[in-house]
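K.L.:
Take a look at work27.cif, mmCIF, N, CA, C and O atoms:
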data_input
loop_
_atom_site.label_atom_id
_atom_site.label_comp_id
_atom_site.auth_asym_id
_atom_site.auth_seq_id
_atom_site.Cartn_x
_atom_site.Cartn_y
_atom_site.Cartn_z
N LYS A 1 23.12 94.11 -6.94
CA LYS A 1 21.85 94.06 -7.63
C LYS A 1 20.73 93.73 -6.65
O LYS A 1 20.90 92.88 -5.80
N MET A 2 19.63 94.36 -6.85
CA MET A 2 18.44 94.08 -6.05
C MET A 2 17.27 93.89 -7.01
O MET A 2 17.25 94.44 -8.11
N VAL A 3 16.30 93.10 -6.60
CA VAL A 3 15.09 92.87 -7.39
C VAL A 3 13.91 93.43 -6.64
O VAL A 3 13.74 93.17 -5.45
N HIS A 4 13.12 94.23 -7.31
CA HIS A 4 11.90 94.78 -6.73
C HIS A 4 10.78 94.52 -7.72
O HIS A 4 10.80 95.02 -8.84
N ARG A 5 9.85 93.68 -7.33
CA ARG A 5 8.73 93.31 -8.18
C ARG A 5 9.12 92.40 -9.34
O ARG A 5 8.33 92.16 -10.22
N GLY A 6 10.34 91.93 -9.39
CA GLY A 6 10.71 90.88 -10.31
C GLY A 6 11.19 91.31 -11.67
O GLY A 6 11.21 92.48 -12.02
N GLN A 7 11.59 90.33 -12.45
CA GLN A 7 12.01 90.53 -13.82
C GLN A 7 11.56 89.28 -14.58
O GLN A 7 11.34 88.23 -13.99
N ALA A 8 11.43 89.40 -15.90
CA ALA A 8 10.89 88.29 -16.67
C ALA A 8 11.43 88.30 -18.09
O ALA A 8 11.91 89.31 -18.59
N VAL A 9 11.35 87.13 -18.73
CA VAL A 9 11.65 86.95 -20.14
C VAL A 9 10.45 86.20 -20.72
O VAL A 9 9.93 85.28 -20.09
N PHE A 10 9.99 86.62 -21.90
CA PHE A 10 8.82 85.96 -22.48
C PHE A 10 9.00 85.75 -23.97
O PHE A 10 9.86 86.35 -24.62
N ASP A 11 8.18 84.87 -24.51
CA ASP A 11 8.15 84.61 -25.95
C ASP A 11 6.79 84.02 -26.29
O ASP A 11 6.01 83.66 -25.41
N THR A 12 6.52 83.93 -27.58
CA THR A 12 5.28 83.35 -28.09
C THR A 12 5.61 82.48 -29.29
O THR A 12 6.41 82.88 -30.13
N VAL A 13 5.02 81.30 -29.35
CA VAL A 13 5.18 80.43 -30.51
C VAL A 13 3.78 80.12 -31.05
O VAL A 13 2.83 79.99 -30.29
N TRP A 14 3.66 80.06 -32.37
CA TRP A 14 2.38 79.79 -33.03
C TRP A 14 2.25 78.33 -33.40
O TRP A 14 3.21 77.71 -33.85
N ARG A 15 1.03 77.80 -33.26
CA ARG A 15 0.70 76.51 -33.85
C ARG A 15 -0.12 76.79 -35.11
O ARG A 15 -1.18 77.40 -35.06
N LYS A 16 0.43 76.41 -36.25
CA LYS A 16 -0.25 76.57 -37.54
C LYS A 16 -0.32 75.19 -38.18
O LYS A 16 0.69 74.49 -38.24
N HIS A 17 -1.49 74.82 -38.63
CA HIS A 17 -1.68 73.53 -39.32
C HIS A 17 -1.16 72.37 -38.47
O HIS A 17 -0.57 71.43 -38.99
N GLY A 18 -1.34 72.45 -37.15
CA GLY A 18 -0.95 71.37 -36.25
C GLY A 18 0.51 71.34 -35.85
O GLY A 18 0.92 70.45 -35.12
N CYS A 19 1.31 72.29 -36.32
CA CYS A 19 2.76 72.30 -36.01
C CYS A 19 3.14 73.57 -35.28
O CYS A 19 2.60 74.64 -35.55
N LEU A 20 4.09 73.45 -34.36
CA LEU A 20 4.62 74.63 -33.67
C LEU A 20 5.67 75.27 -34.58
O LEU A 20 6.68 74.65 -34.91
N TYR A 21 5.42 76.50 -34.97
CA TYR A 21 6.23 77.20 -35.96
C TYR A 21 7.56 77.66 -35.37
O TYR A 21 7.58 78.42 -34.40
N LEU A 22 8.67 77.16 -35.91
CA LEU A 22 10.03 77.56 -35.52
C LEU A 22 10.29 77.40 -34.02
O LEU A 22 10.93 78.24 -33.39
N LEU A 23 9.81 76.30 -33.45
CA LEU A 23 9.94 76.08 -32.01
C LEU A 23 11.39 76.14 -31.55
O LEU A 23 11.70 76.80 -30.55
N GLU A 24 12.30 75.49 -32.25
CA GLU A 24 13.69 75.46 -31.79
C GLU A 24 14.32 76.85 -31.79
O GLU A 24 15.07 77.21 -30.88
N GLN A 25 13.99 77.68 -32.80
CA GLN A 25 14.51 79.05 -32.84
C GLN A 25 13.93 79.89 -31.70
O GLN A 25 14.62 80.71 -31.11
N HIS A 26 12.65 79.66 -31.38
CA HIS A 26 12.05 80.37 -30.26
C HIS A 26 12.73 79.97 -28.95
O HIS A 26 13.01 80.83 -28.10
N LEU A 27 13.01 78.68 -28.79
CA LEU A 27 13.69 78.23 -27.57
C LEU A 27 15.11 78.76 -27.50
O LEU A 27 15.56 79.16 -26.41
N ASP A 28 15.81 78.82 -28.63
CA ASP A 28 17.15 79.42 -28.64
C ASP A 28 17.10 80.85 -28.12
O ASP A 28 17.89 81.25 -27.26
N ARG A 29 16.15 81.63 -28.64
CA ARG A 29 16.03 83.03 -28.24
C ARG A 29 15.63 83.15 -26.77
O ARG A 29 16.15 83.99 -26.04
N PHE A 30 14.71 82.29 -26.33
CA PHE A 30 14.24 82.32 -24.95
C PHE A 30 15.38 82.05 -23.98
O PHE A 30 15.58 82.79 -23.01
N PHE A 31 16.19 81.02 -24.25
CA PHE A 31 17.29 80.67 -23.36
C PHE A 31 18.41 81.72 -23.42
O PHE A 31 19.03 82.02 -22.41
N LYS A 32 18.65 82.29 -24.58
CA LYS A 32 19.65 83.36 -24.69
C LYS A 32 19.19 84.59 -23.89
O LYS A 32 19.98 85.23 -23.20
N SER A 33 17.90 84.91 -23.98
CA SER A 33 17.36 86.05 -23.23
C SER A 33 17.45 85.83 -21.73
O SER A 33 17.78 86.76 -20.98
N MET A 34 17.18 84.61 -21.28
CA MET A 34 17.33 84.32 -19.84
C MET A 34 18.78 84.50 -19.41
O MET A 34 19.04 85.07 -18.35
N GLU A 35 19.71 84.04 -20.25
CA GLU A 35 21.13 84.20 -19.93
C GLU A 35 21.49 85.68 -19.82
O GLU A 35 22.15 86.11 -18.87
N LEU A 36 21.05 86.48 -20.79
CA LEU A 36 21.36 87.91 -20.78
C LEU A 36 20.72 88.64 -19.60
O LEU A 36 21.28 89.59 -19.07
N ALA A 37 19.53 88.17 -19.19
CA ALA A 37 18.84 88.78 -18.04
C ALA A 37 19.32 88.20 -16.71
O ALA A 37 18.83 88.59 -15.66
N GLN A 38 20.25 87.27 -16.78
CA GLN A 38 20.79 86.61 -15.59
C GLN A 38 19.71 85.90 -14.79
O GLN A 38 19.67 85.93 -13.56
N LEU A 39 18.79 85.26 -15.54
CA LEU A 39 17.76 84.44 -14.93
C LEU A 39 18.15 82.98 -15.08
O LEU A 39 18.42 82.52 -16.19
N LYS A 40 18.20 82.25 -13.99
CA LYS A 40 18.52 80.83 -14.05
C LYS A 40 17.31 80.10 -14.63
O LYS A 40 16.19 80.26 -14.13
N PRO A 41 17.49 79.30 -15.69
CA PRO A 41 16.35 78.56 -16.25
C PRO A 41 15.68 77.69 -15.18
O PRO A 41 16.36 76.91 -14.51
N PRO A 42 14.37 77.81 -15.00
CA PRO A 42 13.69 77.04 -13.97
C PRO A 42 13.47 75.58 -14.37
O PRO A 42 13.19 74.75 -13.52
N LYS A 43 13.58 75.30 -15.64
CA LYS A 43 13.43 73.95 -16.19
C LYS A 43 14.50 73.78 -17.27
O LYS A 43 15.02 74.75 -17.80
N SER A 44 14.76 72.54 -17.61
CA SER A 44 15.70 72.30 -18.70
C SER A 44 15.03 72.65 -20.04
O SER A 44 13.80 72.77 -20.12
N ARG A 45 15.85 72.81 -21.05
CA ARG A 45 15.31 73.09 -22.39
C ARG A 45 14.35 71.97 -22.82
O ARG A 45 13.29 72.23 -23.37
N ALA A 46 14.73 70.72 -22.55
CA ALA A 46 13.88 69.59 -22.93
C ALA A 46 12.54 69.64 -22.19
O ALA A 46 11.49 69.37 -22.78
N GLN A 47 12.55 70.00 -20.92
CA GLN A 47 11.30 70.09 -20.16
C GLN A 47 10.41 71.20 -20.71
O GLN A 47 9.20 70.99 -20.88
N ILE A 48 10.99 72.36 -20.97
CA ILE A 48 10.19 73.47 -21.51
C ILE A 48 9.66 73.10 -22.89
O ILE A 48 8.49 73.35 -23.22
N ARG A 49 10.50 72.50 -23.71
CA ARG A 49 10.07 72.06 -25.05
C ARG A 49 8.88 71.10 -24.92
O ARG A 49 7.88 71.24 -25.64
N ASN A 50 8.96 70.13 -23.99
CA ASN A 50 7.87 69.17 -23.80
C ASN A 50 6.58 69.84 -23.33
O ASN A 50 5.49 69.46 -23.76
N ILE A 51 6.69 70.82 -22.45
CA ILE A 51 5.51 71.56 -21.99
C ILE A 51 4.85 72.26 -23.17
O ILE A 51 3.62 72.21 -23.35
N LEU A 52 5.66 72.93 -24.00
CA LEU A 52 5.10 73.65 -25.14
C LEU A 52 4.47 72.70 -26.15
O LEU A 52 3.40 72.99 -26.72
N ILE A 53 5.09 71.55 -26.37
CA ILE A 53 4.51 70.56 -27.27
C ILE A 53 3.20 70.02 -26.70
O ILE A 53 2.22 69.83 -27.43
N GLN A 54 3.17 69.81 -25.39
CA GLN A 54 1.93 69.36 -24.75
C GLN A 54 0.82 70.38 -24.97
O GLN A 54 -0.30 70.03 -25.35
N LEU A 55 1.10 71.65 -24.73
CA LEU A 55 0.10 72.69 -24.97
C LEU A 55 -0.27 72.78 -26.44
O LEU A 55 -1.42 73.02 -26.79
N GLY A 56 0.72 72.59 -27.32
CA GLY A 56 0.46 72.64 -28.76
C GLY A 56 -0.42 71.52 -29.26
O GLY A 56 -1.00 71.62 -30.33
N GLY A 57 -0.56 70.46 -28.47
CA GLY A 57 -1.41 69.35 -28.84
C GLY A 57 -2.86 69.51 -28.41
O GLY A 57 -3.69 68.65 -28.66
N TYR A 58 -3.16 70.64 -27.78
CA TYR A 58 -4.52 70.87 -27.28
C TYR A 58 -5.51 71.08 -28.41
O TYR A 58 -5.23 71.78 -29.39
N GLY A 59 -6.67 70.51 -28.27
CA GLY A 59 -7.80 70.82 -29.15
C GLY A 59 -7.64 70.33 -30.58
O GLY A 59 -6.93 69.38 -30.87
N ASN A 60 -8.30 71.03 -31.46
CA ASN A 60 -8.33 70.71 -32.88
C ASN A 60 -7.03 71.15 -33.53
O ASN A 60 -6.74 72.34 -33.57
N PRO A 61 -6.24 70.22 -34.09
CA PRO A 61 -4.95 70.60 -34.69
C PRO A 61 -5.08 71.58 -35.86
O PRO A 61 -4.14 72.28 -36.18
N ALA A 62 -6.27 71.62 -36.47
CA ALA A 62 -6.47 72.55 -37.59
C ALA A 62 -6.66 73.99 -37.10
O ALA A 62 -6.57 74.93 -37.87
N GLU A 63 -6.93 74.14 -35.81
CA GLU A 63 -7.17 75.47 -35.25
C GLU A 63 -5.83 76.10 -34.84
O GLU A 63 -4.99 75.45 -34.25
N ASP A 64 -5.65 77.36 -35.20
CA ASP A 64 -4.41 78.06 -34.84
C ASP A 64 -4.42 78.45 -33.36
O ASP A 64 -5.45 78.86 -32.82
N LEU A 65 -3.26 78.31 -32.73
CA LEU A 65 -3.06 78.71 -31.34
C LEU A 65 -1.83 79.58 -31.26
O LEU A 65 -0.92 79.44 -32.08
N HIS A 66 -1.79 80.46 -30.31
CA HIS A 66 -0.49 81.02 -29.94
C HIS A 66 -0.25 80.64 -28.48
O HIS A 66 -1.14 80.67 -27.65
N ILE A 67 0.98 80.20 -28.25
CA ILE A 67 1.37 79.74 -26.93
C ILE A 67 2.32 80.78 -26.36
O ILE A 67 3.39 81.04 -26.90
N ARG A 68 1.88 81.40 -25.30
CA ARG A 68 2.69 82.42 -24.62
C ARG A 68 3.38 81.76 -23.44
O ARG A 68 2.76 81.03 -22.68
N TYR A 69 4.65 82.03 -23.31
CA TYR A 69 5.38 81.42 -22.20
C TYR A 69 6.41 82.42 -21.69
O TYR A 69 6.90 83.26 -22.43
N TRP A 70 6.69 82.31 -20.40
CA TRP A 70 7.63 83.23 -19.80
C TRP A 70 8.20 82.64 -18.53
O TRP A 70 7.66 81.71 -17.96
N THR A 71 9.32 83.18 -18.14
CA THR A 71 9.90 82.84 -16.85
C THR A 71 10.05 84.15 -16.09
O THR A 71 10.28 85.21 -16.67
N SER A 72 9.84 84.07 -14.80
CA SER A 72 9.83 85.28 -13.99
C SER A 72 10.51 85.03 -12.66
O SER A 72 10.49 83.92 -12.13
N ARG A 73 11.09 86.07 -12.15
CA ARG A 73 11.69 86.04 -10.81
C ARG A 73 11.16 87.27 -10.09
O ARG A 73 11.21 88.38 -10.61
N GLY A 74 10.66 87.06 -8.92
CA GLY A 74 10.16 88.19 -8.15
C GLY A 74 9.01 87.75 -7.28
O GLY A 74 8.30 86.80 -7.61
N GLY A 75 8.84 88.45 -6.19
CA GLY A 75 7.80 88.08 -5.24
C GLY A 75 6.57 88.95 -5.35
O GLY A 75 6.49 89.86 -6.18
N ASP A 76 5.62 88.66 -4.51
CA ASP A 76 4.36 89.41 -4.49
C ASP A 76 4.41 90.61 -3.54
O ASP A 76 3.49 91.40 -3.50
N ASP A 77 5.48 90.70 -2.78
CA ASP A 77 5.53 91.77 -1.79
C ASP A 77 6.37 92.94 -2.31
O ASP A 77 6.88 92.92 -3.41
N LEU A 78 6.50 93.95 -1.51
CA LEU A 78 7.27 95.13 -1.90
C LEU A 78 8.67 95.13 -1.31
O LEU A 78 9.36 96.13 -1.38
N ASN A 79 9.07 94.01 -0.74
CA ASN A 79 10.41 93.92 -0.17
C ASN A 79 11.45 93.82 -1.28
O ASN A 79 11.18 93.33 -2.37
N THR A 80 12.64 94.27 -1.00
CA THR A 80 13.74 94.09 -1.93
C THR A 80 14.60 92.94 -1.44
O THR A 80 14.84 92.80 -0.24
N THR A 81 15.00 92.10 -2.37
CA THR A 81 15.85 90.96 -2.04
C THR A 81 16.89 90.83 -3.13
O THR A 81 16.75 91.39 -4.22
N THR A 82 17.92 90.08 -2.85
CA THR A 82 18.93 89.87 -3.88
C THR A 82 18.43 88.80 -4.84
O THR A 82 17.70 87.89 -4.44
N PRO A 83 18.80 88.89 -6.13
CA PRO A 83 18.32 87.92 -7.11
C PRO A 83 18.61 86.47 -6.75
O PRO A 83 17.81 85.59 -7.05
N ALA A 84 19.74 86.21 -6.10
CA ALA A 84 20.09 84.84 -5.76
C ALA A 84 19.09 84.21 -4.78
O ALA A 84 18.97 82.99 -4.71
N GLU A 85 18.35 85.05 -4.05
CA GLU A 85 17.40 84.54 -3.07
C GLU A 85 16.05 84.17 -3.68
O GLU A 85 15.22 83.57 -3.01
N ILE A 86 15.82 84.55 -4.94
CA ILE A 86 14.51 84.39 -5.54
C ILE A 86 14.57 83.36 -6.67
O ILE A 86 15.30 83.55 -7.63
N PRO A 87 13.80 82.28 -6.58
CA PRO A 87 13.81 81.30 -7.66
C PRO A 87 13.05 81.82 -8.88
O PRO A 87 12.16 82.67 -8.77
N THR A 88 13.41 81.31 -10.05
CA THR A 88 12.65 81.63 -11.25
C THR A 88 11.55 80.58 -11.43
O THR A 88 11.65 79.45 -10.98
N VAL A 89 10.48 81.01 -12.07
CA VAL A 89 9.31 80.16 -12.29
C VAL A 89 8.96 80.21 -13.77
O VAL A 89 9.09 81.27 -14.40
N PHE A 90 8.50 79.10 -14.33
CA PHE A 90 8.09 79.04 -15.73
C PHE A 90 6.57 78.99 -15.83
O PHE A 90 5.92 78.27 -15.08
N TYR A 91 6.01 79.79 -16.74
CA TYR A 91 4.58 79.82 -17.01
C TYR A 91 4.35 79.63 -18.50
O TYR A 91 5.16 80.09 -19.31
N ALA A 92 3.24 78.98 -18.86
CA ALA A 92 2.88 78.83 -20.27
C ALA A 92 1.37 78.72 -20.38
O ALA A 92 0.72 78.13 -19.52
N LEU A 93 0.83 79.32 -21.41
CA LEU A 93 -0.59 79.18 -21.69
C LEU A 93 -0.82 79.24 -23.19
O LEU A 93 -0.03 79.83 -23.93
N ALA A 94 -1.89 78.60 -23.63
CA ALA A 94 -2.24 78.59 -25.04
C ALA A 94 -3.53 79.35 -25.23
O ALA A 94 -4.46 79.22 -24.44
N VAL A 95 -3.60 80.16 -26.29
CA VAL A 95 -4.78 80.96 -26.58
C VAL A 95 -5.20 80.68 -28.01
O VAL A 95 -4.36 80.73 -28.92
N ARG A 96 -6.47 80.39 -28.22
CA ARG A 96 -6.98 80.19 -29.57
C ARG A 96 -6.91 81.49 -30.33
O ARG A 96 -7.32 82.53 -29.84
N LYS A 97 -6.41 81.43 -31.53
CA LYS A 97 -6.30 82.64 -32.35
C LYS A 97 -7.67 83.26 -32.58
O LYS A 97 -7.82 84.47 -32.47
N SER A 98 -8.67 82.46 -32.85
CA SER A 98 -10.01 83.00 -33.10
C SER A 98 -10.55 83.72 -31.87
O SER A 98 -11.22 84.74 -31.99
N SER A 99 -10.24 83.22 -30.67
CA SER A 99 -10.69 83.87 -29.44
C SER A 99 -10.01 85.22 -29.26
O SER A 99 -10.64 86.19 -28.87
N ALA A 100 -8.70 85.28 -29.56
CA ALA A 100 -7.97 86.54 -29.40
C ALA A 100 -8.51 87.58 -30.38
O ALA A 100 -8.63 88.75 -30.04
N ALA A 101 -8.85 87.14 -31.59
CA ALA A 101 -9.36 88.08 -32.59
C ALA A 101 -10.72 88.63 -32.19
O ALA A 101 -11.07 89.75 -32.54
N LEU A 102 -11.50 87.86 -31.43
CA LEU A 102 -12.82 88.30 -30.99
C LEU A 102 -12.77 89.13 -29.72
O LEU A 102 -13.78 89.62 -29.26
N GLY A 103 -11.60 89.26 -29.14
CA GLY A 103 -11.47 90.03 -27.92
C GLY A 103 -11.79 89.22 -26.67
O GLY A 103 -11.90 89.76 -25.58
N THR A 104 -11.97 87.91 -26.82
CA THR A 104 -12.19 87.04 -25.67
C THR A 104 -10.96 86.17 -25.50
O THR A 104 -10.19 85.99 -26.43
N THR A 105 -10.80 85.62 -24.34
CA THR A 105 -9.64 84.78 -24.09
C THR A 105 -10.06 83.46 -23.50
O THR A 105 -10.81 83.42 -22.52
N ASN A 106 -9.63 82.39 -24.13
CA ASN A 106 -9.76 81.05 -23.57
C ASN A 106 -8.35 80.55 -23.34
O ASN A 106 -7.63 80.29 -24.28
N ALA A 107 -7.94 80.46 -22.11
CA ALA A 107 -6.58 80.04 -21.79
C ALA A 107 -6.57 78.57 -21.44
O ALA A 107 -7.46 78.07 -20.77
N ILE A 108 -5.56 77.90 -21.94
CA ILE A 108 -5.35 76.51 -21.62
C ILE A 108 -4.01 76.45 -20.90
O ILE A 108 -2.99 76.83 -21.45
N THR A 109 -4.03 76.00 -19.67
CA THR A 109 -2.78 75.97 -18.91
C THR A 109 -2.41 74.52 -18.62
O THR A 109 -3.25 73.62 -18.68
N SER A 110 -1.18 74.31 -18.34
CA SER A 110 -0.69 72.98 -18.03
C SER A 110 0.20 73.06 -16.81
O SER A 110 1.10 73.89 -16.77
N SER A 111 -0.08 72.22 -15.82
CA SER A 111 0.81 72.19 -14.66
C SER A 111 1.95 71.24 -14.98
O SER A 111 1.81 70.30 -15.74
N TYR A 112 3.09 71.53 -14.42
CA TYR A 112 4.26 70.68 -14.63
C TYR A 112 5.00 70.61 -13.32
O TYR A 112 5.38 71.64 -12.77
N PRO A 113 5.13 69.40 -12.77
CA PRO A 113 5.74 69.31 -11.43
C PRO A 113 7.18 69.79 -11.41
O PRO A 113 7.86 69.81 -12.37
#
Rewrite the structure from the file as structure tokens, please.
P.N.:
Amino acid sequence: KMVHRGQAVFDTVWRKHGCLYLLEQHLDRFFKSMELAQLKPPKSRAQIRNILIQLGGYGNPAEDLHIRYWTSRGGDDLNTTTPAEIPTVFYALAVRKSSAALGTTNAITSSYP
């Protein structure tokens, strides 16, 4: 196997009425997809869950958010490398539903060491 430009797994969870909707089911699917794609989880399930909860706590709890998150493996160059040589990375951002409906994007990101 070789990786060229990377591979990724992604999901989205909604915050409605201050709660993350079906978070555990989303995490189940996310981790199963990483397993099927042969991507090593870059963080533990608990760490990813905490990051998503942190993002879900942003702003006004009455405002709906969708939190997009993904893990990716792949570099910025055009070289081919074996998957074992490339670490996976986790990304997450929160977008206000009202902003997405208006065609504008306000992203809220969180760094996690």
K.L.:
To one decimal in Å, tell me the separation between CA of Tyr69 in chain A and CA of Ile53 in chain A.
P.N.:
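Result for CA of Tyr69 in chain A versus CA of Ile53 in chain A: 12.0 Å, one decimal.
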K.L.:
Expanded to explicit residues, what is the PyMOL selection byres (((chain A and resi 17-23 and name CA) around 12) and name CA) for this file, as a PyMOL selection string?
P.N.:
chain A and resi 11-16+24-30+45-46+48-67+94
K.L.:
Could you work out how far CA of Trp70 in chain A lies from CA of Lys32 in chain A, giving the answer in Å with one decimal?
P.N.:
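So the two atoms, CA of Lys32 in chain A and CA of Trp70 in chain A, lie 13.0 Å apart.
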K.L.:
Apply the PyMOL selection byres ((chain A and resi 87) around 4.5) to the file shown and report the selected residues as a ChimeraX atom specification.
P.N.:
/A:72-73,85-86,88-89
K.L.:
Write out as number ranges by chain all residues of range 9-78 of chain A that DSSP puts in strand (DSSP E or B) for this structure's backbone.
P.N.:
A: 9-16, 19-20, 65-73
K.L.:
Those residues with N, CA, C and O atoms, as a PDB file, in the frame of the given file please?
P.N.:
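The resulting out_29.pdb:
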ATOM      1  N   VAL A   9      11.350  87.130 -18.730  1.00  0.00           N
ATOM      2  CA  VAL A   9      11.650  86.950 -20.140  1.00  0.00           C
ATOM      3  C   VAL A   9      10.450  86.200 -20.720  1.00  0.00           C
ATOM      4  O   VAL A   9       9.930  85.280 -20.090  1.00  0.00           O
ATOM      5  N   PHE A  10       9.990  86.620 -21.900  1.00  0.00           N
ATOM      6  CA  PHE A  10       8.820  85.960 -22.480  1.00  0.00           C
ATOM      7  C   PHE A  10       9.000  85.750 -23.970  1.00  0.00           C
ATOM      8  O   PHE A  10       9.860  86.350 -24.620  1.00  0.00           O
ATOM      9  N   ASP A  11       8.180  84.870 -24.510  1.00  0.00           N
ATOM     10  CA  ASP A  11       8.150  84.610 -25.950  1.00  0.00           C
ATOM     11  C   ASP A  11       6.790  84.020 -26.290  1.00  0.00           C
ATOM     12  O   ASP A  11       6.010  83.660 -25.410  1.00  0.00           O
ATOM     13  N   THR A  12       6.520  83.930 -27.580  1.00  0.00           N
ATOM     14  CA  THR A  12       5.280  83.350 -28.090  1.00  0.00           C
ATOM     15  C   THR A  12       5.610  82.480 -29.290  1.00  0.00           C
ATOM     16  O   THR A  12       6.410  82.880 -30.130  1.00  0.00           O
ATOM     17  N   VAL A  13       5.020  81.300 -29.350  1.00  0.00           N
ATOM     18  CA  VAL A  13       5.180  80.430 -30.510  1.00  0.00           C
ATOM     19  C   VAL A  13       3.780  80.120 -31.050  1.00  0.00           C
ATOM     20  O   VAL A  13       2.830  79.990 -30.290  1.00  0.00           O
ATOM     21  N   TRP A  14       3.660  80.060 -32.370  1.00  0.00           N
ATOM     22  CA  TRP A  14       2.380  79.790 -33.030  1.00  0.00           C
ATOM     23  C   TRP A  14       2.250  78.330 -33.400  1.00  0.00           C
ATOM     24  O   TRP A  14       3.210  77.710 -33.850  1.00  0.00           O
ATOM     25  N   ARG A  15       1.030  77.800 -33.260  1.00  0.00           N
ATOM     26  CA  ARG A  15       0.700  76.510 -33.850  1.00  0.00           C
ATOM     27  C   ARG A  15      -0.120  76.790 -35.110  1.00  0.00           C
ATOM     28  O   ARG A  15      -1.180  77.400 -35.060  1.00  0.00           O
ATOM     29  N   LYS A  16       0.430  76.410 -36.250  1.00  0.00           N
ATOM     30  CA  LYS A  16      -0.250  76.570 -37.540  1.00  0.00           C
ATOM     31  C   LYS A  16      -0.320  75.190 -38.180  1.00  0.00           C
ATOM     32  O   LYS A  16       0.690  74.490 -38.240  1.00  0.00           O
ATOM     33  N   CYS A  19       1.310  72.290 -36.320  1.00  0.00           N
ATOM     34  CA  CYS A  19       2.760  72.300 -36.010  1.00  0.00           C
ATOM     35  C   CYS A  19       3.140  73.570 -35.280  1.00  0.00           C
ATOM     36  O   CYS A  19       2.600  74.640 -35.550  1.00  0.00           O
ATOM     37  N   LEU A  20       4.090  73.450 -34.360  1.00  0.00           N
ATOM     38  CA  LEU A  20       4.620  74.630 -33.670  1.00  0.00           C
ATOM     39  C   LEU A  20       5.670  75.270 -34.580  1.00  0.00           C
ATOM     40  O   LEU A  20       6.680  74.650 -34.910  1.00  0.00           O
ATOM     41  N   LEU A  65      -3.260  78.310 -32.730  1.00  0.00           N
ATOM     42  CA  LEU A  65      -3.060  78.710 -31.340  1.00  0.00           C
ATOM     43  C   LEU A  65      -1.830  79.580 -31.260  1.00  0.00           C
ATOM     44  O   LEU A  65      -0.920  79.440 -32.080  1.00  0.00           O
ATOM     45  N   HIS A  66      -1.790  80.460 -30.310  1.00  0.00           N
ATOM     46  CA  HIS A  66      -0.490  81.020 -29.940  1.00  0.00           C
ATOM     47  C   HIS A  66      -0.250  80.640 -28.480  1.00  0.00           C
ATOM     48  O   HIS A  66      -1.140  80.670 -27.650  1.00  0.00           O
ATOM     49  N   ILE A  67       0.980  80.200 -28.250  1.00  0.00           N
ATOM     50  CA  ILE A  67       1.370  79.740 -26.930  1.00  0.00           C
ATOM     51  C   ILE A  67       2.320  80.780 -26.360  1.00  0.00           C
ATOM     52  O   ILE A  67       3.390  81.040 -26.900  1.00  0.00           O
ATOM     53  N   ARG A  68       1.880  81.400 -25.300  1.00  0.00           N
ATOM     54  CA  ARG A  68       2.690  82.420 -24.620  1.00  0.00           C
ATOM     55  C   ARG A  68       3.380  81.760 -23.440  1.00  0.00           C
ATOM     56  O   ARG A  68       2.760  81.030 -22.680  1.00  0.00           O
ATOM     57  N   TYR A  69       4.650  82.030 -23.310  1.00  0.00           N
ATOM     58  CA  TYR A  69       5.380  81.420 -22.200  1.00  0.00           C
ATOM     59  C   TYR A  69       6.410  82.420 -21.690  1.00  0.00           C
ATOM     60  O   TYR A  69       6.900  83.260 -22.430  1.00  0.00           O
ATOM     61  N   TRP A  70       6.690  82.310 -20.400  1.00  0.00           N
ATOM     62  CA  TRP A  70       7.630  83.230 -19.800  1.00  0.00           C
ATOM     63  C   TRP A  70       8.200  82.640 -18.530  1.00  0.00           C
ATOM     64  O   TRP A  70       7.660  81.710 -17.960  1.00  0.00           O
ATOM     65  N   THR A  71       9.320  83.180 -18.140  1.00  0.00           N
ATOM     66  CA  THR A  71       9.900  82.840 -16.850  1.00  0.00           C
ATOM     67  C   THR A  71      10.050  84.150 -16.090  1.00  0.00           C
ATOM     68  O   THR A  71      10.280  85.210 -16.670  1.00  0.00           O
ATOM     69  N   SER A  72       9.840  84.070 -14.800  1.00  0.00           N
ATOM     70  CA  SER A  72       9.830  85.280 -13.990  1.00  0.00           C
ATOM     71  C   SER A  72      10.510  85.030 -12.660  1.00  0.00           C
ATOM     72  O   SER A  72      10.490  83.920 -12.130  1.00  0.00           O
ATOM     73  N   ARG A  73      11.090  86.070 -12.150  1.00  0.00           N
ATOM     74  CA  ARG A  73      11.690  86.040 -10.810  1.00  0.00           C
ATOM     75  C   ARG A  73      11.160  87.270 -10.090  1.00  0.00           C
ATOM     76  O   ARG A  73      11.210  88.380 -10.610  1.00  0.00           O
TER      77      ARG A  73
END
K.L.:
Kindly indicate which residue among A:Val95, A:Leu39, A:Ser33, A:Ala8 lies nearest to Arg68 in chain A, using only C-alpha atoms for the distances.
P.N.:
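Nearest to Arg68 in chain A: A:Val95.
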K.L.:
Between atom O of Pro41 in chain A and CA of Phe10 in chain A, what distance in Å does the model show, to one decimal?
P.N.:
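Computing it gives 14.2 Å between the two atoms.
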